[in-house]
>>> print(open('run-v5.csv').read())   # CSV, C-alpha atoms
chain,number,residue,atom,x,y,z
A,1,MET,CA,88.0,126.7,94.2
A,2,LEU,CA,85.4,125.4,96.6
A,3,ILE,CA,85.7,126.7,100.1
A,4,VAL,CA,84.9,124.4,103.0
A,5,LYS,CA,84.0,126.2,106.2
A,6,LEU,CA,84.8,124.5,109.5
A,7,ASN,CA,82.8,124.5,112.7
A,8,PRO,CA,84.1,126.8,115.5
A,9,LYS,CA,87.6,126.0,116.8
A,10,GLU,CA,88.0,122.9,114.6
A,11,GLU,CA,91.1,124.5,112.9
A,12,LYS,CA,93.3,124.2,116.0
A,13,ASN,CA,94.6,120.6,115.3
A,14,ILE,CA,95.0,121.2,111.6
A,15,LYS,CA,97.3,124.2,112.2
A,16,ILE,CA,99.6,122.1,114.3
A,17,GLY,CA,99.8,119.3,111.7
A,18,PHE,CA,96.8,117.0,112.1
A,19,PRO,CA,96.3,115.6,108.5
A,20,TRP,CA,92.5,115.2,108.3
A,21,VAL,CA,89.2,117.0,108.6
A,22,TYR,CA,86.4,114.7,109.7
A,23,ASN,CA,82.9,115.1,108.2
A,24,ASN,CA,81.4,116.2,111.6
A,25,GLU,CA,83.9,119.1,111.8
A,26,VAL,CA,82.5,120.8,108.6
A,27,HIS,CA,80.0,123.6,108.9
A,28,SER,CA,79.2,124.5,105.3
A,29,PHE,CA,80.4,124.8,101.6
A,30,ILE,CA,80.8,127.8,99.4
A,31,GLY,CA,80.8,126.7,95.8
A,32,ALA,CA,80.2,123.6,93.7
A,33,ILE,CA,81.1,120.3,95.4
A,34,GLU,CA,83.4,118.0,93.4
A,35,ASN,CA,84.7,114.9,95.1
A,36,GLY,CA,88.4,114.4,94.6
A,37,ALA,CA,89.1,118.0,93.9
A,38,ILE,CA,91.5,120.3,95.9
A,39,VAL,CA,89.5,122.7,98.1
A,40,GLN,CA,90.3,125.6,100.4
A,41,VAL,CA,89.6,125.1,104.1
A,42,ASN,CA,88.6,128.1,106.1
A,43,SER,CA,87.9,128.6,109.8
A,44,PHE,CA,84.4,129.5,111.1
A,45,GLU,CA,85.6,133.1,111.0
A,46,ASP,CA,86.5,132.7,107.3
A,47,ASP,CA,90.3,132.8,107.8
A,48,PHE,CA,92.4,130.5,105.6
A,49,VAL,CA,93.5,127.3,107.3
A,50,ALA,CA,94.6,124.8,104.6
A,51,TYR,CA,94.2,123.2,101.2
A,52,GLY,CA,93.2,119.6,100.8
A,53,PHE,CA,91.5,116.8,98.8
A,54,LEU,CA,87.7,116.6,99.3
A,55,ASN,CA,85.5,113.6,99.4
A,56,VAL,CA,82.1,114.2,101.0
A,57,ASN,CA,81.3,110.5,100.9
A,58,SER,CA,84.2,109.7,103.3
A,59,LYS,CA,84.4,110.1,107.1
A,60,LEU,CA,87.8,111.7,106.4
A,61,MET,CA,86.2,114.4,104.4
A,62,ILE,CA,89.3,116.4,103.7
A,63,ARG,CA,92.9,115.2,103.5
A,64,ILE,CA,95.3,118.1,104.1
A,65,LEU,CA,97.8,119.0,101.4
A,66,SER,CA,99.2,122.3,102.5
A,67,LEU,CA,99.0,125.0,105.2
A,68,GLU,CA,100.5,127.7,103.0
A,69,LYS,CA,97.9,130.1,101.6
A,70,ASP,CA,100.2,131.2,98.7
A,71,GLU,CA,100.9,127.6,97.7
A,72,ILE,CA,100.1,126.7,94.1
A,73,LEU,CA,99.1,123.1,94.0
A,74,ASP,CA,100.2,122.2,90.5
A,75,ARG,CA,102.5,119.5,89.1
A,76,HIS,CA,105.5,121.3,90.5
A,77,PHE,CA,104.0,121.1,94.0
A,78,PHE,CA,103.6,117.4,93.8
A,79,GLU,CA,107.0,116.9,92.2
A,80,LYS,CA,108.6,118.8,95.1
A,81,ARG,CA,106.8,116.7,97.7
A,82,ILE,CA,107.9,113.5,96.0
A,83,ILE,CA,111.5,114.6,95.8
A,84,TYR,CA,111.4,115.6,99.5
A,85,ALA,CA,110.2,112.1,100.4
A,86,LEU,CA,112.8,110.4,98.2
A,87,LYS,CA,115.7,112.4,99.7
A,88,HIS,CA,114.9,111.0,103.2
A,89,ARG,CA,115.1,107.5,101.8
A,90,GLU,CA,118.4,108.2,100.1
A,91,ASN,CA,119.7,109.4,103.5
A,92,LEU,CA,118.7,106.1,105.1
A,93,GLY,CA,120.7,104.0,102.7
A,94,PHE,CA,118.3,101.0,102.9
A,95,GLY,CA,119.3,99.4,99.6
A,96,ASN,CA,116.8,98.1,97.1
A,97,ALA,CA,113.9,97.2,99.4
A,98,LYS,CA,112.2,100.2,101.1
A,99,ARG,CA,109.2,102.5,101.3
A,100,LEU,CA,109.6,105.6,99.3
A,101,ILE,CA,106.4,107.5,100.0
A,102,PHE,CA,104.1,106.9,103.0
A,103,SER,CA,100.9,108.8,102.4
A,104,GLU,CA,100.0,111.6,105.0
A,105,ALA,CA,103.4,111.1,106.8
A,106,ASP,CA,105.1,112.3,103.6
A,107,PHE,CA,102.5,115.0,103.0
A,108,LEU,CA,101.1,113.1,100.0
A,109,PRO,CA,97.7,111.8,101.4
A,110,GLY,CA,96.6,108.5,99.9
A,111,LEU,CA,99.8,107.7,98.1
A,112,ILE,CA,102.1,104.8,99.0
A,113,VAL,CA,105.1,103.8,96.9
A,114,ASP,CA,107.5,100.9,97.8
A,115,GLN,CA,110.6,99.8,96.0
A,116,TYR,CA,111.5,96.2,95.3
A,117,GLY,CA,114.7,96.1,93.3
A,118,ASP,CA,114.0,98.0,90.1
A,119,ILE,CA,110.2,97.6,90.5
A,120,LEU,CA,107.9,100.1,92.2
A,121,SER,CA,104.7,98.8,94.0
A,122,ILE,CA,102.2,101.6,94.4
A,123,GLN,CA,98.8,102.2,96.1
A,124,PHE,CA,96.3,105.0,95.5
A,125,LEU,CA,94.2,105.1,98.6
A,126,SER,CA,92.3,108.4,98.3
A,127,LEU,CA,90.0,109.7,95.5
A,128,GLY,CA,92.0,112.9,95.2
A,129,MET,CA,95.3,111.0,94.7
A,130,GLU,CA,93.5,108.6,92.3
A,131,LYS,CA,92.6,111.5,90.1
A,132,MET,CA,96.3,112.5,90.1
A,133,LYS,CA,97.4,109.0,89.1
A,134,ASN,CA,98.8,109.8,85.6
A,135,MET,CA,100.8,112.8,86.8
A,136,ILE,CA,102.2,110.9,89.8
A,137,LEU,CA,103.3,108.1,87.5
A,138,GLU,CA,105.1,110.5,85.2
A,139,ILE,CA,107.0,112.1,88.1
A,140,LEU,CA,108.0,108.8,89.6
A,141,ILE,CA,109.3,107.5,86.2
A,142,GLU,CA,111.2,110.8,85.7
A,143,GLN,CA,112.8,110.6,89.1
A,144,LEU,CA,113.4,106.9,89.6
A,145,HIS,CA,113.6,105.3,86.1
A,146,PRO,CA,112.0,102.0,87.3
A,147,ARG,CA,111.9,98.9,85.1
A,148,GLY,CA,108.2,98.6,86.0
A,149,ILE,CA,105.4,99.9,88.2
A,150,TYR,CA,102.8,97.6,89.7
A,151,GLU,CA,99.6,98.9,91.3
A,152,ARG,CA,98.4,97.2,94.5
A,153,SER,CA,95.3,99.2,95.2
A,154,ASP,CA,93.5,96.0,96.2
A,155,THR,CA,92.7,97.2,99.7
A,156,LYS,CA,89.4,97.7,101.5
A,157,ALA,CA,90.6,101.2,102.4
A,158,ARG,CA,89.5,102.3,98.9
A,159,GLU,CA,85.9,101.3,99.6
A,160,LYS,CA,85.7,104.2,102.1
A,161,GLU,CA,86.7,106.6,99.3
A,162,GLY,CA,84.1,105.1,96.9
A,163,LEU,CA,86.8,103.4,94.8
A,164,PRO,CA,87.0,99.8,93.6
A,165,GLU,CA,89.9,97.5,94.5
A,166,VAL,CA,92.3,97.2,91.6
A,167,LYS,CA,95.7,95.8,90.8
A,168,GLY,CA,97.9,95.3,87.8
A,169,ILE,CA,100.9,96.5,85.8
A,170,LEU,CA,100.9,100.3,85.2
A,171,TYR,CA,104.2,100.7,83.5
A,172,GLY,CA,106.7,98.4,81.8
A,173,GLN,CA,106.7,94.6,81.1
A,174,PHE,CA,108.0,92.4,83.9
A,175,GLU,CA,107.4,89.3,86.0
A,176,PRO,CA,105.8,90.4,89.3
A,177,ARG,CA,108.3,88.4,91.4
A,178,VAL,CA,111.6,90.0,92.2
A,179,GLU,CA,114.5,89.2,94.4
A,180,VAL,CA,115.6,91.8,97.0
A,181,ILE,CA,118.4,91.9,99.5
A,182,GLU,CA,117.6,93.2,103.0
A,183,ASN,CA,120.4,93.4,105.5
A,184,GLY,CA,122.3,90.8,103.6
A,185,ILE,CA,119.4,88.3,103.4
A,186,ARG,CA,117.9,87.4,100.0
A,187,PHE,CA,114.1,87.3,99.7
A,188,MET,CA,111.8,86.7,96.8
A,189,VAL,CA,109.0,89.3,96.8
A,190,ASP,CA,105.7,88.7,95.0
A,191,VAL,CA,104.5,92.2,94.2
A,192,GLU,CA,101.3,90.8,92.7
A,193,ASN,CA,100.0,88.6,95.5
A,194,GLY,CA,102.3,89.3,98.5
A,195,GLN,CA,101.1,91.0,101.7
A,196,LYS,CA,100.6,94.7,101.6
A,197,THR,CA,102.5,95.9,98.5
A,198,GLY,CA,104.5,92.6,98.4
A,199,TYR,CA,106.4,92.4,101.7
A,200,PHE,CA,106.4,93.8,105.3
A,201,LEU,CA,109.1,96.5,104.8
A,202,ASP,CA,108.2,98.2,108.1
A,203,GLN,CA,109.9,95.4,110.1
A,204,LYS,CA,113.4,95.6,108.5
A,205,LEU,CA,115.2,97.0,111.6
A,206,ASN,CA,113.2,95.0,114.0
A,207,ARG,CA,114.1,91.8,112.1
A,208,ASN,CA,117.7,92.8,112.3
A,209,MET,CA,117.3,93.3,116.1
A,210,VAL,CA,117.0,89.5,116.7
A,211,GLN,CA,120.8,89.3,116.5
A,212,TYR,CA,120.9,90.3,120.2
A,213,TYR,CA,118.8,87.4,121.3
A,214,VAL,CA,119.1,84.3,119.1
A,215,GLN,CA,122.7,83.2,119.2
A,216,ASP,CA,122.8,79.4,119.9
A,217,LYS,CA,119.1,79.5,120.8
A,218,VAL,CA,116.1,77.5,119.7
A,219,VAL,CA,113.7,79.9,118.2
A,220,LEU,CA,110.0,79.9,117.2
A,221,ASP,CA,108.8,82.5,114.7
A,222,CYS,CA,105.0,82.7,114.8
A,223,PHE,CA,102.9,84.1,111.9
A,224,SER,CA,106.1,83.8,109.9
A,225,ASN,CA,104.6,84.9,106.5
A,226,VAL,CA,107.5,84.4,104.1
A,227,GLY,CA,110.0,83.8,106.9
A,228,GLY,CA,111.3,87.3,107.7
A,229,PHE,CA,112.2,86.8,111.4
A,230,ALA,CA,113.0,83.1,111.0
A,231,LEU,CA,115.6,83.8,108.3
A,232,TYR,CA,117.3,86.6,110.4
A,233,ALA,CA,117.4,84.2,113.3
A,234,CYS,CA,119.3,81.7,111.1
A,235,LYS,CA,121.6,84.4,109.9
A,236,TYR,CA,122.5,85.4,113.4
A,237,GLY,CA,123.4,81.9,114.7
A,238,ALA,CA,120.3,80.3,116.1
A,239,LYS,CA,120.8,76.7,116.9
A,240,HIS,CA,117.4,75.8,115.4
A,241,VAL,CA,114.4,77.8,114.1
A,242,ASP,CA,110.8,76.7,113.6
A,243,ALA,CA,108.7,79.0,111.4
A,244,CYS,CA,105.0,78.6,111.9
A,245,ASP,CA,102.2,79.9,109.6
A,246,ILE,CA,98.8,78.7,108.6
A,247,SER,CA,99.2,79.6,105.0
A,248,LYS,CA,100.5,76.7,102.8
A,249,LEU,CA,101.6,79.3,100.2
A,250,ALA,CA,103.5,81.2,102.8
A,251,CYS,CA,105.1,78.0,104.1
A,252,GLU,CA,106.4,77.2,100.6
A,253,GLU,CA,107.8,80.7,100.4
A,254,ILE,CA,109.7,80.2,103.7
A,255,LYS,CA,111.3,77.0,102.4
A,256,GLU,CA,112.3,78.7,99.1
A,257,ASN,CA,113.8,81.7,100.9
A,258,ALA,CA,115.7,79.5,103.4
A,259,LYS,CA,117.1,77.5,100.4
A,260,ARG,CA,118.0,80.8,98.6
A,261,ASN,CA,120.2,81.8,101.6
A,262,GLY,CA,121.6,78.4,102.4
A,263,PHE,CA,120.0,78.1,105.8
A,264,HIS,CA,119.6,74.5,106.9
A,265,GLN,CA,118.6,74.8,110.6
A,266,LEU,CA,115.0,75.9,109.8
A,267,ASP,CA,111.9,73.8,109.8
A,268,VAL,CA,108.5,75.0,108.7
A,269,ILE,CA,105.3,74.2,110.7
A,270,CYS,CA,102.2,74.7,108.6
A,271,THR,CA,99.4,75.1,111.2
A,272,ASP,CA,97.3,77.5,113.2
A,273,VAL,CA,99.6,79.5,115.6
A,274,PHE,CA,96.9,79.6,118.3
A,275,ASP,CA,96.6,75.8,118.3
A,276,TYR,CA,100.4,75.3,118.2
A,277,LEU,CA,101.1,77.5,121.2
A,278,ARG,CA,98.5,75.5,123.2
A,279,ASN,CA,100.3,72.3,122.6
A,280,PRO,CA,101.8,71.0,125.9
A,281,LYS,CA,104.5,69.0,124.1
A,282,ILE,CA,106.4,72.3,123.3
A,283,MET,CA,106.6,73.4,126.9
A,284,ASP,CA,110.2,74.7,127.6
A,285,GLN,CA,111.3,73.9,124.1
A,286,TYR,CA,111.9,77.4,122.9
A,287,GLU,CA,114.3,80.0,124.2
A,288,VAL,CA,113.1,82.8,121.9
A,289,ILE,CA,109.5,83.3,120.6
A,290,ILE,CA,108.6,85.9,118.1
A,291,LEU,CA,104.9,86.9,117.8
A,292,ASP,CA,104.2,89.1,114.7
A,293,PRO,CA,100.5,88.5,114.0
A,294,PRO,CA,98.4,90.3,111.4
A,295,ALA,CA,96.4,93.3,112.6
A,296,PHE,CA,93.6,91.7,114.7
A,297,THR,CA,91.6,94.9,114.3
A,298,LYS,CA,91.5,97.8,111.9
A,299,ASP,CA,88.4,99.3,113.5
A,300,LYS,CA,87.8,100.8,117.0
A,301,THR,CA,84.6,98.8,117.3
A,302,THR,CA,86.4,95.5,117.4
A,303,ILE,CA,89.3,96.5,119.7
A,304,LYS,CA,88.0,94.4,122.6
A,305,LYS,CA,87.9,91.3,120.5
A,306,ALA,CA,91.4,92.1,119.2
A,307,TYR,CA,92.7,92.7,122.7
A,308,ARG,CA,91.6,89.1,123.6
A,309,GLY,CA,93.3,87.7,120.6
A,310,TYR,CA,96.6,89.5,121.4
A,311,LYS,CA,96.4,88.5,125.0
A,312,GLU,CA,95.7,84.8,124.2
A,313,ILE,CA,98.8,84.4,122.0
A,314,ASN,CA,101.1,86.3,124.4
A,315,LEU,CA,99.7,84.4,127.4
A,316,GLN,CA,100.3,81.0,125.7
A,317,ALA,CA,103.8,82.1,124.6
A,318,MET,CA,104.7,83.2,128.1
A,319,LYS,CA,103.5,79.8,129.5
A,320,ILE,CA,105.6,77.6,127.2
A,321,ILE,CA,108.8,79.6,126.8
A,322,LYS,CA,111.8,78.4,128.6
A,323,ARG,CA,112.7,80.4,131.8
A,324,GLY,CA,115.1,83.2,130.9
A,325,GLY,CA,113.8,83.2,127.3
A,326,TYR,CA,113.0,86.2,125.2
A,327,LEU,CA,109.6,87.1,123.8
A,328,LEU,CA,109.6,89.5,120.9
A,329,THR,CA,106.0,90.6,120.5
A,330,PHE,CA,104.3,92.9,118.0
A,331,SER,CA,101.1,94.7,117.1
A,332,CYS,CA,100.6,96.4,113.8
A,333,SER,CA,97.1,97.8,114.7
A,334,GLN,CA,96.9,101.6,115.2
A,335,HIS,CA,94.0,101.0,117.6
A,336,MET,CA,96.2,98.9,119.9
A,337,THR,CA,98.0,101.9,121.4
A,338,PRO,CA,101.3,101.5,123.1
A,339,GLU,CA,99.6,102.0,126.5
A,340,LEU,CA,96.9,99.4,125.7
A,341,PHE,CA,99.5,96.9,124.3
A,342,MET,CA,101.6,97.2,127.6
A,343,GLU,CA,98.4,96.7,129.7
A,344,MET,CA,97.6,93.6,127.7
A,345,LEU,CA,101.0,92.2,128.3
A,346,LYS,CA,100.8,92.8,132.0
A,347,GLU,CA,97.5,91.0,132.2
A,348,ALA,CA,98.9,88.1,130.1
A,349,ALA,CA,101.9,87.8,132.5
A,350,ILE,CA,99.7,87.7,135.5
A,351,ASP,CA,97.5,85.0,134.0
A,352,ALA,CA,100.5,83.0,132.9
A,353,LYS,CA,102.0,83.3,136.4
A,354,ARG,CA,105.2,84.5,135.0
A,355,HIS,CA,107.4,87.5,135.9
A,356,ILE,CA,108.7,89.6,133.0
A,357,GLN,CA,111.5,92.1,132.4
A,358,PHE,CA,110.8,94.9,129.9
A,359,ILE,CA,113.9,94.9,127.7
A,360,ASP,CA,113.1,97.1,124.7
A,361,PHE,CA,110.4,99.1,122.8
A,362,ARG,CA,110.6,99.8,119.1
A,363,ILE,CA,108.4,101.1,116.3
A,364,GLN,CA,108.2,100.9,112.5
A,365,ALA,CA,111.4,101.5,110.4
A,366,PRO,CA,112.2,105.1,109.6
A,367,ASP,CA,111.2,104.8,106.0
A,368,HIS,CA,107.7,104.6,107.5
A,369,PRO,CA,107.6,108.0,109.3
A,370,ALA,CA,104.7,109.3,111.4
A,371,LEU,CA,103.5,112.8,112.0
A,372,LEU,CA,103.7,113.9,115.6
A,373,ALA,CA,100.3,115.5,115.3
A,374,GLY,CA,98.9,112.3,113.8
A,375,LYS,CA,99.5,109.5,116.3
A,376,GLU,CA,97.3,107.1,114.2
A,377,GLN,CA,100.3,106.7,111.9
A,378,LEU,CA,102.4,105.2,114.8
A,379,TYR,CA,100.9,101.9,114.2
A,380,LEU,CA,103.7,99.3,114.7
A,381,LYS,CA,104.8,98.4,118.2
A,382,CYS,CA,107.5,96.0,119.2
A,383,ILE,CA,108.2,95.0,122.8
A,384,VAL,CA,111.0,92.7,123.9
A,385,LEU,CA,110.4,90.9,127.2
A,386,ARG,CA,112.5,88.4,129.2
A,387,ILE,CA,110.5,85.8,130.9
A,388,VAL,CA,111.6,85.0,134.4
>>> encode(input="run-v5.csv", output="structure tokens")
Amino acid sequence: MLIVKLNPKEEKNIKIGFPWVYNNEVHSFIGAIENGAIVQVNSFEDDFVAYGFLNVNSKLMIRILSLEKDEILDRHFFEKRIIYALKHRENLGFGNAKRLIFSEADFLPGLIVDQYGDILSIQFLSLGMEKMKNMILEILIEQLHPRGIYERSDTKAREKEGLPEVKGILYGQFEPRVEVIENGIRFMVDVENGQKTGYFLDQKLNRNMVQYYVQDKVVLDCFSNVGGFALYACKYGAKHVDACDISKLACEEIKENAKRNGFHQLDVICTDVFDYLRNPKIMDQYEVIILDPPAFTKDKTTIKKAYRGYKEINLQAMKIIKRGGYLLTFSCSQHMTPELFMEMLKEAAIDAKRHIQFIDFRIQAPDHPALLAGKEQLYLKCIVLRIV
């Protein structure tokens, strides 16, 4: 097995659970380099540190698998890791729409598995995990007995690993659209073309949270996608709901999902959210506004531009919302840290000339865990504000 020797003192964070070794932390190699292989990581003093997947072409050169020197990283090892992850989801009792495996946070770097009914949607995001694909599929089939497995490795993250974007059926024969039930609401999920692996599973508890704010209210759900928050607002007694999204396909999905649940107080507005929020005709029309935009940045180099984008939509929402109304605002970018997100909201409130009450702070659902030593995985932030 290839040994990767670290620069002095670089092992400290790894020993407390940080999941990666960056390329600038590596001193030297002892043995033949094979990208995607499992390697041993040693300190500068040649003491054992960890085992992990190697890819010298990636900035994340090593993705940590184990800190146990006596660990045998065979099929049984990966089977144990998968069973450990599945047990947590069984404990949560989230029904037939949930994340089953969340990459590094479940100690399986580069592997994401989501369940939609009896279909699994799967991503292989690291070269090491890509090479384990057949074995991983065998284990998942043995443990879960799915009707089918669809691969959604059509993400730019694979480019950094030197892998092409791919998607398609890996197991079974099935139509890639499946109905799921989340907190009593029926959704049609498109595992072939839907966002992420088909749907935004990480918001399931935050969507359910709207019950505290929407009763008998007029609600605006921005960046509605397939209508997640809008449908929950209907379920929990909103007087009227407008769902706004620029995608014509998404707007049709919202209408279909509303019809599927028998919700009649929902209208769909197919337009650019930024433009809609600037419309003076909607001043004081909404008592609850939900802002759940896509990640405005996935790179540290564009964080300033993203900051301006987040500030603009929050500023406009604060301006037009009815006094005493609730703003539920989100960021799914890991680079928009909680501290930065809060600072942005304070600046937006000052510019909007509105006072705000801080009501609640939430993160992603617990089937999307994060490592305490890897704050990058705490990517989803939800802040509830009351606008005075």
>>> residues_around(input="run-v5.csv", residues="Met318 of chain A", least_positions_apart="5", cutoff="8 Å", atoms="only C-alpha atoms", output="PyMOL selection string")
chain A and resi 327+348-349+352+354+387
>>> write_last_selection(input="run-v5.csv", atoms="C-alpha atoms", output="mmCIF file, in the frame of the given file")
data_model
loop_
_atom_site.group_PDB
_atom_site.id
_atom_site.type_symbol
_atom_site.label_atom_id
_atom_site.label_comp_id
_atom_site.auth_asym_id
_atom_site.auth_seq_id
_atom_site.Cartn_x
_atom_site.Cartn_y
_atom_site.Cartn_z
ATOM 1 C CA LEU A 327 109.600 87.100 123.800
ATOM 2 C CA ALA A 348 98.900 88.100 130.100
ATOM 3 C CA ALA A 349 101.900 87.800 132.500
ATOM 4 C CA ALA A 352 100.500 83.000 132.900
ATOM 5 C CA ARG A 354 105.200 84.500 135.000
ATOM 6 C CA ILE A 387 110.500 85.800 130.900
#
>>> atom_distance(input="run-v5.csv", atom1="atom CA of Asn55 of chain A", atom2="atom CA of Ser126 of chain A")
8.6 Å
>>> atom_distance(input="run-v5.csv", atom1="atom CA of Cys251 of chain A", atom2="atom CA of His335 of chain A")
28.9 Å
>>> closest_residue(input="run-v5.csv", among="A:Gly128, A:Pro369, A:Pro8, A:Gly117", to="Ile38 of chain A", atoms="all atoms listed in the file")
A:Gly128
>>> atom_distance(input="run-v5.csv", atom1="atom CA of Val288 of chain A", atom2="atom CA of Gln195 of chain A")
24.9 Å
>>> closest_residue(input="run-v5.csv", among="A:Gln364, A:Asn206, A:Ser58, A:Asn193", to="Gln334 of chain A", atoms="only C-alpha atoms")
A:Gln364
>>> residues_around(input="run-v5.csv", residues="Leu54 of chain A", least_positions_apart="6", cutoff="9 Å", atoms="only C-alpha atoms", output="PDB file with C-alpha atoms, keeping the file's coordinate frame")
ATOM      1  CA  ILE A  33      81.100 120.300  95.400  1.00  0.00           C
ATOM      2  CA  GLU A  34      83.400 118.000  93.400  1.00  0.00           C
ATOM      3  CA  ASN A  35      84.700 114.900  95.100  1.00  0.00           C
ATOM      4  CA  GLY A  36      88.400 114.400  94.600  1.00  0.00           C
ATOM      5  CA  ALA A  37      89.100 118.000  93.900  1.00  0.00           C
ATOM      6  CA  ILE A  38      91.500 120.300  95.900  1.00  0.00           C
ATOM      7  CA  VAL A  39      89.500 122.700  98.100  1.00  0.00           C
ATOM      8  CA  LEU A  60      87.800 111.700 106.400  1.00  0.00           C
ATOM      9  CA  MET A  61      86.200 114.400 104.400  1.00  0.00           C
ATOM     10  CA  ILE A  62      89.300 116.400 103.700  1.00  0.00           C
ATOM     11  CA  ARG A  63      92.900 115.200 103.500  1.00  0.00           C
ATOM     12  CA  LEU A 127      90.000 109.700  95.500  1.00  0.00           C
ATOM     13  CA  GLY A 128      92.000 112.900  95.200  1.00  0.00           C
TER      14      GLY A 128
END
>>> residues_around(input="run-v5.csv", residues="Tyr232 of chain A", least_positions_apart="3", cutoff="7 Å", atoms="all atoms listed in the file", output="PyMOL selection string")
chain A and resi 207-208+210+228-229+235-236
>>> closest_residue(input="run-v5.csv", among="A:Ile320, A:Ile289, A:Ala97, A:Glu312", to="Ile383 of chain A", atoms="all atoms listed in the file")
A:Ile289
>>> closest_atom_pairs(input="run-v5.csv", of="segment 56-153 of chain A", to="segment 164-167 of chain A", cutoff="12 Å", atoms="only C-alpha atoms", output="CSV")
residue,atom,partner,partner_atom,distance
A:Ser121,CA,A:Lys167,CA,10.0
A:Ile122,CA,A:Lys167,CA,9.4
A:Gln123,CA,A:Lys167,CA,8.9
A:Phe124,CA,A:Val166,CA,9.6
A:Leu125,CA,A:Glu165,CA,9.6
A:Ser126,CA,A:Pro164,CA,11.1
A:Leu127,CA,A:Pro164,CA,10.5
A:Glu130,CA,A:Pro164,CA,11.0
A:Ile149,CA,A:Lys167,CA,10.8
A:Tyr150,CA,A:Lys167,CA,7.4
A:Glu151,CA,A:Lys167,CA,5.0
A:Arg152,CA,A:Lys167,CA,4.8
A:Ser153,CA,A:Val166,CA,5.1
